[in-house]
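Notes to accompany the following structure.
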Amino acid sequence: MPHEIAYTVDGEAMMMFVGDEPWHGLGTRMDDLVDPITAVQVAQCDYTIEAQPIYRHQQGNSDGGAGMVEYPNRYAIVRTDTNEAFDIVSNIYEIHQNMDTAQFVNEVFAQGQDVIETCGALKGGRQFFMMARLPEVFEPVPGDPIHRFLLFSSSHDRTQQLEAAITNIRTVCWNTLRFAMQNAQYKIKIRHTASIHDRAVEVREALHLNTAYHQLMMEGIERLVNTPMDSAEMESYAVAFLNLDPKVVNADRHAYSRDAVERLCELFEVGRGQDIPG
C-alpha cells in the first residue's frame, strides 16, 4: 500500500501535519493548525506548474529545411523544479497552482484562519491535497473525539478537477485521499477556470446544507457506542457491515473479506480508544 508522498529535489517529503504522526512517518509536524498559505509553504508544496511549448523534429523537404518546429496549440504541463512533464494540454487549459488552492481555501474560511491539519503533494507532485479541520467536534465517548474535515484536492495531470469534500477521514496519503473522496458525505467539483474563486460561496453553502446529514450520522455512531457487544456479536456485526454471506465461515471467505472481518474484530478488541473507561 504505497503512500505516494512526493519529494522535493533535495529528497524531503512534501507534507505537513498537525497531531498524530501519519502511518508512513513522513512530513513536517506542526504544533497547531495553520493557515492555508503557511501549510503549503511548510509542506514544501509551493512548487510551480508551467505550460511549456512542444517541439517535433521536422524532416528535410525539397527546400532542404529540417530541424525542430513547435507543435501548434499543444503544451506540456511541467513541474518546473524537477522539469517533470505531467500532461499535454491545449492553450485553453488554465493552470491552477497549489497556492491558488490555498488562496481558495482562505476565501472559503475567511482570510488567514488557522484551519489546516494536513497538506501534501502526491505522485511526484501531480496530486495536491489540503485538509481543513471544521469546528464541530463529536465525542460519543469522553476522550475519543471525532473531527469533521473539509478536504480539498486537485491534480496537475487532468485526472481530477479541484474538488472539495466533507469527510471524517483524516487524509495523510494517496489511499486515505482516495477513500475520503470516494466516501465523502458531500462533494463539489470546481473546474480550473478563471472564475474558480467565485465558487467559494458555493462551498460555504455546501457546508451548511450538509449539517443535517452529519448530525444524523453522528446520532448513528452514538447509538452504536451505547450498544453493548461481545466478541461473537462483533463478528456478526462485521459480517453484516461488509455485506457478506453469514452462512459462510470466515476461513472459507476470500482473503480480502476474511482479512477485513479479522481486522474489524481486532480493532474492537485492541483498537485505539479501547483503553478509555466505559
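Residues in the C-alpha cells are numbered from 1 in each chain, the chains being A, B, ... in the order shown, and ligands are numbered from 1 in the order shown.
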Stretch 118-120 of chain A environment, 8 Å, only C-alpha atoms, sequence neighbours closer than 2 positions dropped, as an NGL selection string:
:A and (5-6 or 14-18 or 39-40 or 43 or 45 or 116 or 122 or 128-132 or 171-172)
Grab the residues selected above and save them as a compact mmCIF listing (two decimals), in the first residue's frame with N, CA, C and O atoms.
```
# COMPACT_ATOMS: atom_id res chain seq x y z
N ILE A 5 3.66 9.77 -1.32
CA ILE A 5 4.08 11.12 -0.95
C ILE A 5 5.18 11.58 -1.91
O ILE A 5 6.12 10.84 -2.20
N ALA A 6 5.07 12.81 -2.41
CA ALA A 6 6.06 13.36 -3.32
C ALA A 6 7.25 13.91 -2.53
O ALA A 6 7.16 14.14 -1.31
N MET A 14 7.12 16.01 0.92
CA MET A 14 6.30 17.21 0.70
C MET A 14 4.96 17.05 1.42
O MET A 14 3.94 16.75 0.82
N MET A 15 5.01 17.24 2.74
CA MET A 15 3.80 17.10 3.54
C MET A 15 3.99 17.78 4.88
O MET A 15 5.11 17.86 5.40
N MET A 16 2.88 18.27 5.46
CA MET A 16 2.86 18.75 6.82
C MET A 16 1.62 18.17 7.51
O MET A 16 0.65 17.80 6.86
N PHE A 17 1.69 18.10 8.84
CA PHE A 17 0.56 17.57 9.59
C PHE A 17 0.55 18.15 10.99
O PHE A 17 1.58 18.59 11.51
N VAL A 18 -0.63 18.13 11.58
CA VAL A 18 -0.82 18.52 12.97
C VAL A 18 -1.37 17.31 13.72
O VAL A 18 -2.23 16.59 13.21
N ALA A 39 0.54 26.43 5.33
CA ALA A 39 0.53 24.98 5.15
C ALA A 39 1.25 24.59 3.87
O ALA A 39 2.05 23.64 3.86
N VAL A 40 0.99 25.29 2.78
CA VAL A 40 1.65 24.99 1.51
C VAL A 40 3.16 25.18 1.64
O VAL A 40 3.96 24.38 1.15
N ALA A 43 4.71 22.46 3.98
CA ALA A 43 4.69 21.16 3.29
C ALA A 43 5.60 21.14 2.07
O ALA A 43 5.75 20.11 1.42
N CYS A 45 5.10 22.50 -0.75
CA CYS A 45 4.27 22.28 -1.93
C CYS A 45 4.12 23.55 -2.77
O CYS A 45 3.20 23.66 -3.58
N ILE A 116 -5.84 24.40 8.83
CA ILE A 116 -5.29 23.27 8.09
C ILE A 116 -4.62 22.27 9.03
O ILE A 116 -3.74 22.61 9.82
N LEU A 122 1.35 14.46 -3.87
CA LEU A 122 1.43 13.02 -4.12
C LEU A 122 1.85 12.76 -5.56
O LEU A 122 1.74 13.63 -6.43
N PHE A 128 -2.36 17.16 -5.38
CA PHE A 128 -2.19 18.03 -4.23
C PHE A 128 -3.44 17.95 -3.36
O PHE A 128 -4.56 17.89 -3.87
N PHE A 129 -3.25 17.94 -2.04
CA PHE A 129 -4.41 17.94 -1.14
C PHE A 129 -4.16 18.86 0.04
O PHE A 129 -3.01 19.11 0.43
N MET A 130 -5.24 19.33 0.60
CA MET A 130 -5.19 20.20 1.78
C MET A 130 -6.45 19.92 2.59
O MET A 130 -7.56 19.94 2.06
N MET A 131 -6.28 19.60 3.87
CA MET A 131 -7.41 19.23 4.71
C MET A 131 -7.59 20.22 5.85
O MET A 131 -6.67 20.45 6.66
N ALA A 132 -8.78 20.83 5.91
CA ALA A 132 -9.10 21.78 6.96
C ALA A 132 -9.98 21.10 8.01
O ALA A 132 -10.92 20.38 7.67
N THR A 171 -6.85 12.69 6.00
CA THR A 171 -6.09 12.38 4.80
C THR A 171 -4.60 12.63 5.02
O THR A 171 -4.19 13.74 5.36
N VAL A 172 -3.80 11.57 4.81
CA VAL A 172 -2.35 11.68 5.01
C VAL A 172 -1.56 11.00 3.89
O VAL A 172 -0.32 10.99 3.93
```
Could you pull out all residues of stretch 91-255 of chain A with a DSSP call of strand (DSSP E or B) and give them as a ChimeraX atom specification?
/A:116-122,127-138,146-155,162-167,186-190
Output for the residues just chosen: C-alpha atoms as an mmCIF file, in the first residue's frame:
```
data_model
loop_
_atom_site.group_PDB
_atom_site.id
_atom_site.type_symbol
_atom_site.label_atom_id
_atom_site.label_comp_id
_atom_site.auth_asym_id
_atom_site.auth_seq_id
_atom_site.Cartn_x
_atom_site.Cartn_y
_atom_site.Cartn_z
ATOM 1 C CA ILE A 116 -5.289 23.269 8.094
ATOM 2 C CA GLU A 117 -4.436 19.910 9.697
ATOM 3 C CA THR A 118 -2.724 18.124 6.801
ATOM 4 C CA CYS A 119 -1.354 19.227 3.444
ATOM 5 C CA GLY A 120 0.780 17.447 0.881
ATOM 6 C CA ALA A 121 1.709 16.515 -2.663
ATOM 7 C CA LEU A 122 1.427 13.022 -4.124
ATOM 8 C CA GLN A 127 -1.717 15.460 -6.978
ATOM 9 C CA PHE A 128 -2.192 18.031 -4.225
ATOM 10 C CA PHE A 129 -4.407 17.939 -1.143
ATOM 11 C CA MET A 130 -5.194 20.197 1.777
ATOM 12 C CA MET A 131 -7.412 19.233 4.713
ATOM 13 C CA ALA A 132 -9.101 21.778 6.959
ATOM 14 C CA ARG A 133 -10.484 20.807 10.354
ATOM 15 C CA LEU A 134 -14.022 22.066 10.869
ATOM 16 C CA PRO A 135 -15.018 23.461 14.274
ATOM 17 C CA GLU A 136 -17.615 20.805 15.076
ATOM 18 C CA VAL A 137 -16.354 18.017 17.341
ATOM 19 C CA PHE A 138 -18.415 14.961 18.247
ATOM 20 C CA ILE A 146 -14.419 12.582 16.097
ATOM 21 C CA HIS A 147 -13.487 15.539 13.925
ATOM 22 C CA ARG A 148 -15.052 16.636 10.672
ATOM 23 C CA PHE A 149 -12.875 17.875 7.837
ATOM 24 C CA LEU A 150 -13.202 19.754 4.600
ATOM 25 C CA LEU A 151 -10.828 18.141 2.115
ATOM 26 C CA PHE A 152 -9.570 19.955 -0.972
ATOM 27 C CA SER A 153 -7.833 18.010 -3.717
ATOM 28 C CA SER A 154 -6.724 18.706 -7.281
ATOM 29 C CA SER A 155 -4.355 17.370 -9.910
ATOM 30 C CA LEU A 162 -10.367 20.869 -7.859
ATOM 31 C CA GLU A 163 -12.765 19.102 -5.503
ATOM 32 C CA ALA A 164 -13.974 19.934 -2.017
ATOM 33 C CA ALA A 165 -15.409 17.152 0.122
ATOM 34 C CA ILE A 166 -16.750 16.879 3.645
ATOM 35 C CA THR A 167 -15.340 13.816 5.372
ATOM 36 C CA TYR A 186 -20.817 15.768 0.287
ATOM 37 C CA LYS A 187 -18.539 16.650 -2.617
ATOM 38 C CA ILE A 188 -18.375 19.520 -5.050
ATOM 39 C CA LYS A 189 -16.260 19.753 -8.222
ATOM 40 C CA ILE A 190 -14.762 23.047 -9.330
#
```
Out of A:Leu264, A:Arg170, A:Gln103, A:Gly220, which residue has the shortest atom-to-atom distance to A:Ser236 when counting only C-alpha atoms?
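When distances to A:Ser236 are compared using only C-alpha atoms, the smallest one comes from A:Leu264.
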Near A:His254, within 12 Å and counting only C-alpha atoms, which residues show up once chain neighbours fewer than 6 positions away are dropped, as a PDB file with all heavy atoms, in the first residue's frame?
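Listed below is the output, out_14.pdb:
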```pdb
ATOM      1  N   LEU A 244     -21.475  -9.544   3.803  1.00  0.00           N
ATOM      2  CA  LEU A 244     -21.011 -10.885   3.477  1.00  0.00           C
ATOM      3  C   LEU A 244     -22.074 -11.916   3.822  1.00  0.00           C
ATOM      4  O   LEU A 244     -22.980 -11.657   4.614  1.00  0.00           O
ATOM      5  CB  LEU A 244     -19.726 -11.194   4.263  1.00  0.00           C
ATOM      6  CG  LEU A 244     -18.552 -10.226   4.042  1.00  0.00           C
ATOM      7  CD1 LEU A 244     -17.386 -10.610   4.944  1.00  0.00           C
ATOM      8  CD2 LEU A 244     -18.124 -10.207   2.576  1.00  0.00           C
ATOM      9  N   ASP A 245     -21.965 -13.086   3.235  1.00  0.00           N
ATOM     10  CA  ASP A 245     -22.908 -14.175   3.488  1.00  0.00           C
ATOM     11  C   ASP A 245     -22.658 -14.730   4.887  1.00  0.00           C
ATOM     12  O   ASP A 245     -21.588 -15.292   5.156  1.00  0.00           O
ATOM     13  CB  ASP A 245     -22.721 -15.270   2.438  1.00  0.00           C
ATOM     14  CG  ASP A 245     -23.784 -16.374   2.551  1.00  0.00           C
ATOM     15  OD1 ASP A 245     -24.537 -16.387   3.561  1.00  0.00           O
ATOM     16  OD2 ASP A 245     -23.848 -17.213   1.639  1.00  0.00           O
ATOM     17  N   VAL A 248     -21.399 -18.481   5.462  1.00  0.00           N
ATOM     18  CA  VAL A 248     -20.045 -18.905   5.129  1.00  0.00           C
ATOM     19  C   VAL A 248     -19.126 -18.625   6.307  1.00  0.00           C
ATOM     20  O   VAL A 248     -19.106 -17.505   6.836  1.00  0.00           O
ATOM     21  CB  VAL A 248     -19.531 -18.152   3.876  1.00  0.00           C
ATOM     22  CG1 VAL A 248     -18.088 -18.561   3.559  1.00  0.00           C
ATOM     23  CG2 VAL A 248     -20.434 -18.435   2.686  1.00  0.00           C
ATOM     24  N   ALA A 260     -10.674  -8.437   6.236  1.00  0.00           N
ATOM     25  CA  ALA A 260     -11.481  -7.301   6.678  1.00  0.00           C
ATOM     26  C   ALA A 260     -12.229  -7.626   7.961  1.00  0.00           C
ATOM     27  O   ALA A 260     -12.273  -6.819   8.898  1.00  0.00           O
ATOM     28  CB  ALA A 260     -12.458  -6.887   5.576  1.00  0.00           C
ATOM     29  N   VAL A 261     -12.828  -8.821   8.018  1.00  0.00           N
ATOM     30  CA  VAL A 261     -13.545  -9.245   9.230  1.00  0.00           C
ATOM     31  C   VAL A 261     -12.582  -9.331  10.406  1.00  0.00           C
ATOM     32  O   VAL A 261     -12.861  -8.829  11.502  1.00  0.00           O
ATOM     33  CB  VAL A 261     -14.245 -10.599   8.997  1.00  0.00           C
ATOM     34  CG1 VAL A 261     -14.810 -11.140  10.319  1.00  0.00           C
ATOM     35  CG2 VAL A 261     -15.367 -10.451   7.974  1.00  0.00           C
TER      36      VAL A 261
END
```
Residues of stretch 83-145 of chain A in helix (DSSP H, G or I) according to DSSP, as a PyMOL selection string?
chain A and resi 98-109+123-125
Identify which of the residues A:Asn183, A:Thr159, A:Asn73, A:Thr8 lies closest to A:Tyr55, counting only C-alpha atoms when measuring atom-to-atom distances.
A:Asn73
Close residues, A:Asp46 itself excluded, 9 Å, only C-alpha atoms, min 3 positions apart in chain, as a ChimeraX atom specification
/A:40-43,97-99
Between A:Ala251, A:Val78, A:Met217, A:Val225, which has the minimum distance to A:Pro53 (counting only C-alpha atoms)?
A:Val78
Give me, please, the distance in Å between atom CA of A:Pro36 and atom CA of A:Phe104, quoted to one decimal.
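We find that atom CA of A:Pro36 and atom CA of A:Phe104 lie 8.9 Å from each other.
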Skip A:Ala85 itself and residues of its chain fewer than 5 positions away, then list as a count of residues only all residues within 10 Å of it, counting only C-alpha atoms.
13
Check the smallest atom-to-atom distance from each of A:Arg158, A:Pro22, A:Val115, A:Val141 to A:Asp87 using only C-alpha atoms, then report the winner.
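Smallest separation from A:Asp87 among the options: A:Arg158.
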Select, from A:Asp31, A:Asp10, A:Asp275, A:Asp100, the residue with the minimum atom-to-atom distance to A:Asp81, counting only C-alpha atoms.
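Under the stated criterion, the closest residue is A:Asp10.
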Return the single residue from A:Ala232, A:Asp144, A:Leu33, A:Arg74 that is closest to A:Ile92, with distances computed using only C-alpha atoms.
A:Arg74
